[in-house]
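Raw contents of target-v8.cif, mmCIF, C-alpha atoms and all ligand atoms:
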data_run
loop_
_atom_site.label_atom_id
_atom_site.label_comp_id
_atom_site.auth_asym_id
_atom_site.auth_seq_id
_atom_site.Cartn_x
_atom_site.Cartn_y
_atom_site.Cartn_z
CA MET A 1 -10.61 13.53 15.08
CA THR A 2 -9.82 11.51 18.22
CA HIS A 3 -10.02 7.72 18.18
CA ALA A 4 -13.07 7.83 20.42
CA ALA A 5 -14.71 10.23 17.98
CA VAL A 6 -13.76 8.01 15.04
CA ARG A 7 -15.32 5.04 16.82
CA ALA A 8 -18.46 6.97 17.66
CA ALA A 9 -18.80 8.36 14.13
CA ARG A 10 -18.80 4.89 12.58
CA PRO A 11 -22.09 3.05 12.91
CA ALA A 12 -21.62 -0.46 14.35
CA THR A 13 -23.57 -2.02 11.47
CA ALA A 14 -21.28 -0.41 8.89
CA ARG A 15 -18.25 -1.66 10.79
CA ALA A 16 -19.68 -5.17 10.97
CA SER A 17 -20.48 -5.25 7.27
CA VAL A 18 -16.97 -4.11 6.33
CA LEU A 19 -15.46 -6.69 8.64
CA SER A 20 -17.63 -9.42 7.21
CA ALA A 21 -16.52 -8.29 3.77
CA ILE A 22 -12.96 -9.34 4.46
CA ARG A 23 -13.66 -12.68 6.04
CA ARG A 24 -11.57 -15.27 4.29
CA GLY A 25 -13.43 -17.83 2.22
CA ASN A 26 -16.34 -15.43 1.79
CA ALA A 27 -15.45 -14.36 -1.71
CA THR A 28 -18.47 -15.93 -3.37
CA THR A 29 -19.11 -13.17 -5.89
CA ALA A 30 -15.44 -13.17 -6.78
CA SER A 31 -15.22 -16.80 -7.85
CA ALA A 32 -15.06 -15.93 -11.55
CA SER A 33 -12.20 -13.49 -11.11
CA PRO A 34 -8.62 -14.49 -12.08
CA SER A 35 -7.63 -13.35 -8.59
CA SER A 36 -9.82 -15.98 -6.91
CA ALA A 37 -7.07 -18.55 -7.61
CA LEU A 38 -4.81 -16.49 -5.35
CA THR A 39 -7.09 -17.06 -2.39
CA THR A 40 -6.76 -20.85 -2.54
CA ARG A 41 -3.10 -21.05 -3.58
CA SER A 42 -0.73 -22.36 -0.94
CA TRP A 43 1.57 -19.51 0.03
CA GLU A 44 4.53 -19.68 2.38
CA TYR A 45 4.77 -16.03 3.44
CA ILE A 46 1.51 -14.29 2.55
CA LYS A 47 -2.25 -14.79 2.53
CA VAL A 48 -4.54 -13.39 -0.14
CA SER A 49 -8.26 -12.76 0.05
CA LEU A 50 -10.84 -10.67 -1.74
CA SER A 51 -13.48 -8.40 -0.31
CA GLU A 52 -17.06 -9.64 -0.52
CA THR A 53 -17.63 -7.72 -3.74
CA GLY A 54 -14.43 -9.12 -5.22
CA LYS A 55 -13.33 -5.57 -6.03
CA VAL A 56 -10.61 -5.21 -3.39
CA GLY A 57 -7.67 -7.59 -3.14
CA ILE A 58 -6.28 -8.03 0.37
CA VAL A 59 -2.69 -9.21 0.68
CA GLN A 60 -1.53 -10.04 4.18
CA LEU A 61 2.16 -10.53 4.98
CA ASN A 62 2.22 -13.67 7.10
CA ARG A 63 5.57 -14.66 8.57
CA PRO A 64 4.72 -14.40 12.27
CA LYS A 65 7.82 -16.11 13.69
CA ALA A 66 10.06 -13.40 12.24
CA LEU A 67 7.66 -10.46 12.70
CA ASN A 68 7.15 -10.45 8.93
CA ALA A 69 10.84 -9.86 8.23
CA LEU A 70 11.04 -9.36 4.49
CA CYS A 71 12.97 -12.26 3.03
CA SER A 72 13.50 -12.66 -0.68
CA GLY A 73 10.86 -15.41 -1.00
CA LEU A 74 8.25 -13.20 0.65
CA PHE A 75 8.84 -10.51 -1.96
CA HIS A 76 8.52 -13.01 -4.82
CA GLU A 77 5.13 -14.10 -3.45
CA LEU A 78 4.04 -10.52 -2.82
CA ASN A 79 4.98 -9.49 -6.36
CA ASP A 80 3.10 -12.47 -7.85
CA ALA A 81 -0.03 -11.58 -5.90
CA ILE A 82 0.09 -7.85 -6.64
CA ARG A 83 0.76 -8.49 -10.35
CA THR A 84 -2.26 -10.80 -10.66
CA LEU A 85 -4.55 -8.44 -8.75
CA ASP A 86 -3.31 -5.48 -10.80
CA ASN A 87 -4.07 -7.28 -14.06
CA ASP A 88 -7.53 -8.45 -12.96
CA PRO A 89 -10.24 -6.19 -14.43
CA ALA A 90 -12.58 -7.17 -11.57
CA VAL A 91 -10.25 -5.67 -8.97
CA GLY A 92 -10.22 -1.91 -8.43
CA ALA A 93 -7.85 -1.52 -5.46
CA VAL A 94 -5.51 -3.51 -3.24
CA VAL A 95 -4.94 -3.43 0.51
CA LEU A 96 -1.54 -4.54 1.80
CA THR A 97 -1.43 -5.43 5.46
CA GLY A 98 0.54 -7.44 8.00
CA LEU A 99 -0.04 -8.98 11.40
CA PRO A 100 -1.32 -7.30 14.57
CA LYS A 101 2.21 -7.11 16.02
CA ALA A 102 4.08 -6.24 12.85
CA PHE A 103 3.37 -4.92 9.39
CA ALA A 104 7.02 -5.86 8.79
CA ALA A 105 10.07 -5.51 11.06
CA GLY A 106 12.35 -4.80 8.13
CA ALA A 107 14.48 -6.71 5.67
CA ASP A 108 15.46 -10.15 6.91
CA ILE A 109 18.64 -9.31 8.82
CA LYS A 110 19.67 -12.96 9.13
CA GLU A 111 19.25 -13.55 5.39
CA MET A 112 21.41 -10.60 4.35
CA ALA A 113 23.94 -10.46 7.22
CA ASN A 114 26.71 -12.41 5.44
CA THR A 115 26.17 -11.27 1.88
CA HIS A 116 28.86 -9.21 0.12
CA PHE A 117 28.92 -6.15 -2.06
CA VAL A 118 30.07 -7.65 -5.36
CA ASP A 119 27.54 -10.48 -5.25
CA ASN A 120 24.78 -8.12 -4.18
CA TYR A 121 25.73 -5.65 -6.89
CA LYS A 122 25.96 -8.26 -9.63
CA SER A 123 22.68 -9.94 -8.68
CA ASN A 124 20.90 -6.60 -8.07
CA PHE A 125 20.20 -7.87 -4.54
CA LEU A 126 16.65 -6.99 -3.45
CA GLY A 127 16.10 -5.14 -6.73
CA HIS A 128 12.74 -6.90 -7.03
CA TRP A 129 11.50 -5.10 -3.93
CA THR A 130 10.16 -2.15 -5.85
CA GLU A 131 7.87 -4.01 -8.25
CA ILE A 132 4.86 -2.99 -6.17
CA THR A 133 5.44 0.63 -7.21
CA GLN A 134 4.64 -0.40 -10.80
CA ALA A 135 1.06 -1.36 -9.91
CA ARG A 136 -1.45 0.73 -11.83
CA LYS A 137 -4.24 0.15 -9.33
CA PRO A 138 -4.13 1.99 -5.99
CA VAL A 139 -2.42 0.07 -3.19
CA ILE A 140 -3.36 1.04 0.38
CA ALA A 141 -1.07 0.02 3.25
CA ALA A 142 -2.93 -0.88 6.47
CA VAL A 143 -0.22 -0.89 9.14
CA GLN A 144 -0.45 -2.42 12.60
CA GLY A 145 2.54 -2.80 14.90
CA PHE A 146 6.12 -2.45 13.68
CA ALA A 147 6.86 -0.96 10.27
CA LEU A 148 10.63 -0.72 10.53
CA GLY A 149 13.40 -0.35 7.97
CA GLY A 150 12.28 -2.15 4.82
CA GLY A 151 8.82 -2.48 6.43
CA CYS A 152 8.45 1.29 6.63
CA GLU A 153 9.86 1.54 3.11
CA LEU A 154 7.37 -1.03 1.81
CA ALA A 155 4.50 0.94 3.37
CA MET A 156 5.85 4.07 1.67
CA MET A 157 5.91 2.25 -1.70
CA CYS A 158 2.12 1.98 -1.37
CA ASP A 159 -0.06 4.89 -2.48
CA LEU A 160 -1.18 5.82 1.00
CA ILE A 161 -0.90 4.55 4.55
CA TYR A 162 -3.67 3.93 7.07
CA ALA A 163 -2.26 3.14 10.53
CA GLY A 164 -3.63 1.33 13.54
CA ASP A 165 -3.07 3.24 16.77
CA ASN A 166 -0.45 0.62 17.79
CA ALA A 167 1.71 1.26 14.71
CA LYS A 168 5.42 2.10 15.09
CA PHE A 169 7.38 3.54 12.19
CA GLY A 170 11.15 3.76 12.01
CA GLN A 171 14.31 3.47 9.94
CA PRO A 172 16.64 1.74 12.42
CA GLU A 173 19.29 0.68 9.88
CA ILE A 174 21.80 3.02 11.55
CA LYS A 175 21.76 0.67 14.56
CA LEU A 176 22.89 -2.17 12.26
CA GLY A 177 25.76 -0.23 10.73
CA THR A 178 23.96 0.31 7.44
CA ILE A 179 21.52 2.75 5.87
CA PRO A 180 17.98 2.60 4.45
CA GLY A 181 18.08 0.90 1.06
CA ALA A 182 14.58 1.04 -0.37
CA GLY A 183 13.39 4.62 -0.05
CA GLY A 184 13.93 5.52 3.61
CA SER A 185 16.28 8.31 2.63
CA GLN A 186 14.25 9.40 -0.40
CA ARG A 187 10.50 8.73 -0.19
CA LEU A 188 10.54 9.59 3.50
CA VAL A 189 11.99 13.06 2.79
CA LYS A 190 9.30 13.68 0.20
CA ALA A 191 6.63 12.54 2.68
CA VAL A 192 7.71 14.42 5.81
CA GLY A 193 10.46 16.90 4.84
CA LYS A 194 14.20 16.89 5.50
CA SER A 195 14.37 17.67 9.19
CA LYS A 196 11.92 15.01 10.33
CA ALA A 197 13.38 12.42 7.94
CA MET A 198 16.90 13.17 9.18
CA GLU A 199 15.78 12.75 12.77
CA LEU A 200 14.22 9.34 12.08
CA VAL A 201 17.10 8.05 9.92
CA LEU A 202 19.95 9.35 12.09
CA SER A 203 18.45 8.40 15.47
CA GLY A 204 16.91 5.04 14.57
CA ASN A 205 14.01 6.01 16.87
CA MET A 206 10.43 4.99 16.23
CA TRP A 207 7.41 7.20 15.65
CA SER A 208 4.02 6.36 17.08
CA ALA A 209 1.04 6.32 14.72
CA GLU A 210 0.04 9.78 15.94
CA GLU A 211 3.53 11.19 15.29
CA ALA A 212 3.54 9.61 11.83
CA GLU A 213 0.14 11.11 11.07
CA ARG A 214 1.24 14.55 12.32
CA ALA A 215 4.32 14.34 10.10
CA GLY A 216 2.22 13.47 7.04
CA LEU A 217 3.58 9.95 6.60
CA VAL A 218 0.19 8.45 7.43
CA ALA A 219 -3.16 9.57 6.00
CA ARG A 220 -5.29 8.48 8.98
CA VAL A 221 -5.06 6.61 12.28
CA PHE A 222 -7.73 4.14 13.42
CA PRO A 223 -8.15 1.78 16.37
CA ALA A 224 -5.77 -1.05 15.48
CA ASP A 225 -8.46 -3.73 15.15
CA THR A 226 -10.38 -1.69 12.58
CA VAL A 227 -7.60 -0.42 10.33
CA VAL A 228 -7.82 -3.24 7.77
CA ALA A 229 -11.59 -2.87 7.50
CA GLU A 230 -11.19 0.89 7.06
CA ALA A 231 -8.61 0.36 4.33
CA VAL A 232 -10.94 -2.11 2.58
CA LYS A 233 -13.78 0.41 2.88
CA LEU A 234 -11.61 3.02 1.17
CA GLY A 235 -10.60 0.42 -1.43
CA GLU A 236 -14.29 -0.29 -2.15
CA GLN A 237 -14.94 3.43 -2.58
CA ILE A 238 -12.02 3.76 -4.99
CA ALA A 239 -13.13 0.61 -6.84
CA SER A 240 -16.59 2.13 -7.35
CA TYR A 241 -15.14 4.79 -9.69
CA SER A 242 -13.94 4.57 -13.29
CA GLN A 243 -10.76 2.50 -13.40
CA VAL A 244 -9.44 4.71 -16.18
CA ALA A 245 -9.86 7.91 -14.14
CA THR A 246 -8.48 6.19 -11.03
CA GLN A 247 -5.38 5.05 -12.88
CA MET A 248 -4.85 8.54 -14.26
CA CYS A 249 -5.29 10.13 -10.80
CA LYS A 250 -2.66 7.79 -9.38
CA GLU A 251 -0.30 8.38 -12.29
CA ALA A 252 -0.64 12.17 -12.03
CA VAL A 253 -0.05 12.29 -8.27
CA ASN A 254 2.96 9.97 -8.54
CA LYS A 255 4.45 12.14 -11.30
CA SER A 256 4.64 15.01 -8.81
CA PHE A 257 7.52 13.13 -7.16
CA GLU A 258 9.51 13.09 -10.38
CA LEU A 259 8.77 16.34 -12.22
CA SER A 260 9.19 20.06 -11.71
CA LEU A 261 5.98 21.99 -10.97
CA ALA A 262 5.72 23.30 -14.55
CA GLU A 263 6.28 19.84 -16.07
CA GLY A 264 3.91 18.25 -13.56
CA LEU A 265 1.15 20.75 -14.31
CA HIS A 266 1.68 20.16 -18.02
CA PHE A 267 1.43 16.37 -17.50
CA GLU A 268 -1.70 16.77 -15.36
CA ARG A 269 -3.41 19.02 -17.93
CA ARG A 270 -2.68 16.58 -20.77
CA LEU A 271 -4.12 13.67 -18.76
CA PHE A 272 -7.14 15.77 -17.80
CA GLN A 273 -7.71 16.60 -21.47
CA ALA A 274 -7.25 12.93 -22.34
CA THR A 275 -10.10 11.93 -20.03
CA PHE A 276 -12.44 13.63 -22.55
CA ALA A 277 -11.61 10.82 -24.97
CA THR A 278 -13.03 8.26 -22.52
CA LYS A 279 -16.58 6.91 -22.33
CA ASP A 280 -16.43 7.18 -18.55
CA GLN A 281 -15.97 10.98 -18.65
CA LYS A 282 -19.01 11.28 -20.95
CA GLU A 283 -21.01 8.96 -18.69
CA GLY A 284 -19.88 10.67 -15.47
CA MET A 285 -20.88 14.15 -16.60
CA LYS A 286 -24.12 12.94 -18.24
CA ALA A 287 -25.08 11.08 -15.06
CA PHE A 288 -24.44 14.23 -13.02
CA ALA A 289 -26.75 16.28 -15.27
CA GLU A 290 -29.42 13.55 -15.16
CA LYS A 291 -29.11 13.26 -11.34
CA ARG A 292 -28.38 9.52 -11.39
CA ALA A 293 -25.47 7.26 -10.48
CA ALA A 294 -22.86 6.84 -13.21
CA GLN A 295 -22.52 3.41 -14.82
CA TRP A 296 -18.80 3.08 -15.48
CA THR A 297 -17.60 0.76 -18.25
CA ASN A 298 -13.91 1.49 -17.65
CA GLU A 299 -13.53 2.63 -21.24
N1 LIG B 1 15.07 -9.79 10.36
C1 LIG B 1 15.12 -11.07 10.77
N2 LIG B 1 14.48 -11.51 11.88
C2 LIG B 1 13.79 -10.60 12.60
C3 LIG B 1 13.71 -9.25 12.24
C4 LIG B 1 14.38 -8.86 11.04
N3 LIG B 1 14.32 -7.59 10.56
N4 LIG B 1 12.96 -8.59 13.14
C5 LIG B 1 12.58 -9.49 14.05
N5 LIG B 1 13.08 -10.71 13.73
C6 LIG B 1 12.91 -11.97 14.44
C7 LIG B 1 13.78 -12.01 15.72
O1 LIG B 1 15.11 -12.38 15.39
C8 LIG B 1 13.04 -13.03 16.52
O2 LIG B 1 13.36 -14.31 16.03
P1 LIG B 1 13.78 -15.50 17.07
O3 LIG B 1 12.54 -15.73 17.89
O4 LIG B 1 14.12 -16.64 16.17
O5 LIG B 1 14.92 -14.97 17.88
C9 LIG B 1 11.58 -12.77 16.19
O6 LIG B 1 11.59 -12.07 14.94
C10 LIG B 1 10.87 -11.92 17.21
O7 LIG B 1 11.63 -10.74 17.39
P2 LIG B 1 12.04 -10.16 18.84
O8 LIG B 1 12.20 -11.29 19.80
O9 LIG B 1 13.22 -9.27 18.64
O10 LIG B 1 10.72 -9.34 19.19
P3 LIG B 1 10.62 -8.08 20.17
O11 LIG B 1 9.18 -7.83 20.37
O12 LIG B 1 11.47 -8.27 21.37
O13 LIG B 1 11.26 -6.86 19.32
C11 LIG B 1 11.59 -5.49 17.36
C12 LIG B 1 10.63 -6.39 18.17
C13 LIG B 1 11.87 -4.20 18.12
C14 LIG B 1 10.90 -5.16 16.04
C15 LIG B 1 12.92 -6.25 17.11
O14 LIG B 1 12.63 -7.54 16.59
C16 LIG B 1 13.85 -5.57 16.13
O15 LIG B 1 14.51 -4.63 16.50
N6 LIG B 1 13.90 -6.08 14.87
C17 LIG B 1 14.80 -5.54 13.89
C18 LIG B 1 14.29 -4.22 13.34
C19 LIG B 1 15.26 -3.68 12.31
O16 LIG B 1 16.39 -3.38 12.60
N7 LIG B 1 14.78 -3.54 11.05
C20 LIG B 1 15.60 -3.02 9.97
C21 LIG B 1 16.23 -4.17 9.22
S1 LIG B 1 17.36 -3.57 7.96
C22 LIG B 1 16.37 -3.13 6.68
O17 LIG B 1 15.19 -3.26 6.73
C23 LIG B 1 17.08 -2.56 5.45
C24 LIG B 1 16.15 -2.52 4.26
C25 LIG B 1 16.99 -2.38 3.00
C26 LIG B 1 16.20 -2.72 1.74
C27 LIG B 1 17.11 -2.74 0.54
C28 LIG B 1 16.33 -3.05 -0.72
C29 LIG B 1 17.19 -2.86 -1.96
#

Please express the file's structure as structure tokens.
Amino acid sequence: MTHAAVRAARPATARASVLSAIRRGNATTASASPSSALTTRSWEYIKVSLSETGKVGIVQLNRPKALNALCSGLFHELNDAIRTLDNDPAVGAVVLTGLPKAFAAGADIKEMANTHFVDNYKSNFLGHWTEITQARKPVIAAVQGFALGGGCELAMMCDLIYAGDNAKFGQPEIKLGTIPGAGGSQRLVKAVGKSKAMELVLSGNMWSAEEAERAGLVARVFPADTVVAEAVKLGEQIASYSQVATQMCKEAVNKSFELSLAEGLHFERRLFQATFATKDQKEGMKAFAEKRAAQWTNE
């Protein structure tokens, strides 16, 4: 679908209501949630808000002077926020976004430029970057502007990527005399295949949002100013389902990266069978037969 068609297909009122849902300070229904403390905490590198329903956590990388370069402190804050949102029963999904010009322009080059191998090795330098991949709740990346190096890798650590039409994806580490260090040579291959990954990693070139979508890196492209609202809308949809089934869906899809087809199918079948031990499966199928909306208890 073209951007014009996407715009036309979305009623203005729906757009407005989604946008109003992410206005900061509008999280009235969420005040009882453990995550509400995140929205008032004083952060140095991020901002956290909740959707109007309180069911979607929105984490915004906010280091504008450095185009959201990913310094160590930023990752500590990000991990704190994601951990709290992930452990909050009121939250069903998380959106991770950046600024209009940059989702993140990579690891902080100035911070790491003069570090050395032995120290980095001993301290497991940047090892805490991958904590976001441990989240059990779905994390949706909403990317505007540059997603380069570690920024592209961070987006790939999320469960799926929505891109604004101004997004630029790349792994330019080769231009700095180094290589991708957080998935650019691994997750990228799984997302787009060897030839396209090689081209991006070896050239250091950037892909437009359309190229990234064509390659399968990005699920959908939206006009840049609507991508966060669209990600929140998807988060609300996900949060409206059973959290148990959602967690199992995410776990099963992620296992496909690690297991052979036979092992993966075995894992999927066991999880599918396990859903029949949940109240939500009973409720979901009963509600279907009774032609009513399911009332999930997340049990
Ligand atoms: N690190 C530190 N500072 C940065 C970074 C960065 N990655 N990117 C931009 N900045 C800073 C600039 O230095 C500048 O600061 P100042 O105003 O103080 O000079 C400010 O942000 C604005 O940047 P520009 O003036 O360069 O803005 P432009 O619009 O002209 O250019 C670009 C935008 C093209 C994005 C450009 O800034 C750029 O090329 N940035 C670097 C991109 C890059 O190479 N990223 C890869 C970094 S390496 C990496 O990510 C490895 C990850 C390994 C993870 C390992 C985990 C275990």

Separation of CA of Ile132 (chain A) from CA of Ser36 (chain A) in Å: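 Straight-line distance from CA of Ser36 (chain A) to CA of Ile132 (chain A) works out to 19.6 Å.
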
Taking into account all atoms listed in the file, which residue in the set A:Thr178, A:His116, A:Glu211, A:Leu96 is nearest to Ile161 (chain A)?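 Ranked by minimum distance to Ile161 (chain A), first place goes to A:Leu96.
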
Sorted by chain and rising residue number, list the residues of region 120-221 of chain A at most 10 Å from region 255-269 of chain A (counting all atoms listed in the file), each with its closest atom pair and distance in Å to one decimal, as a tab-separated table.
residue	atom	partner	partner_atom	distance
A:Arg187	CA	A:Phe257	CA	8.8
A:Lys190	CA	A:Phe257	CA	7.6
A:Ala191	CA	A:Phe257	CA	9.9

Using only C-alpha atoms, which of the listed residues (A:Phe117, A:Tyr241, A:Phe272, A:Trp296) sits closest to Lys137 (chain A)?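 For Lys137 (chain A), the nearest of the given residues is A:Tyr241.
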
Looking at A:Ala135, A:Leu160, A:Met285, A:Ile58, which one is nearest to Arg83 (chain A), with distances taken over all atoms listed in the file?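 Closest to Arg83 (chain A), using all atoms listed in the file: A:Ala135.
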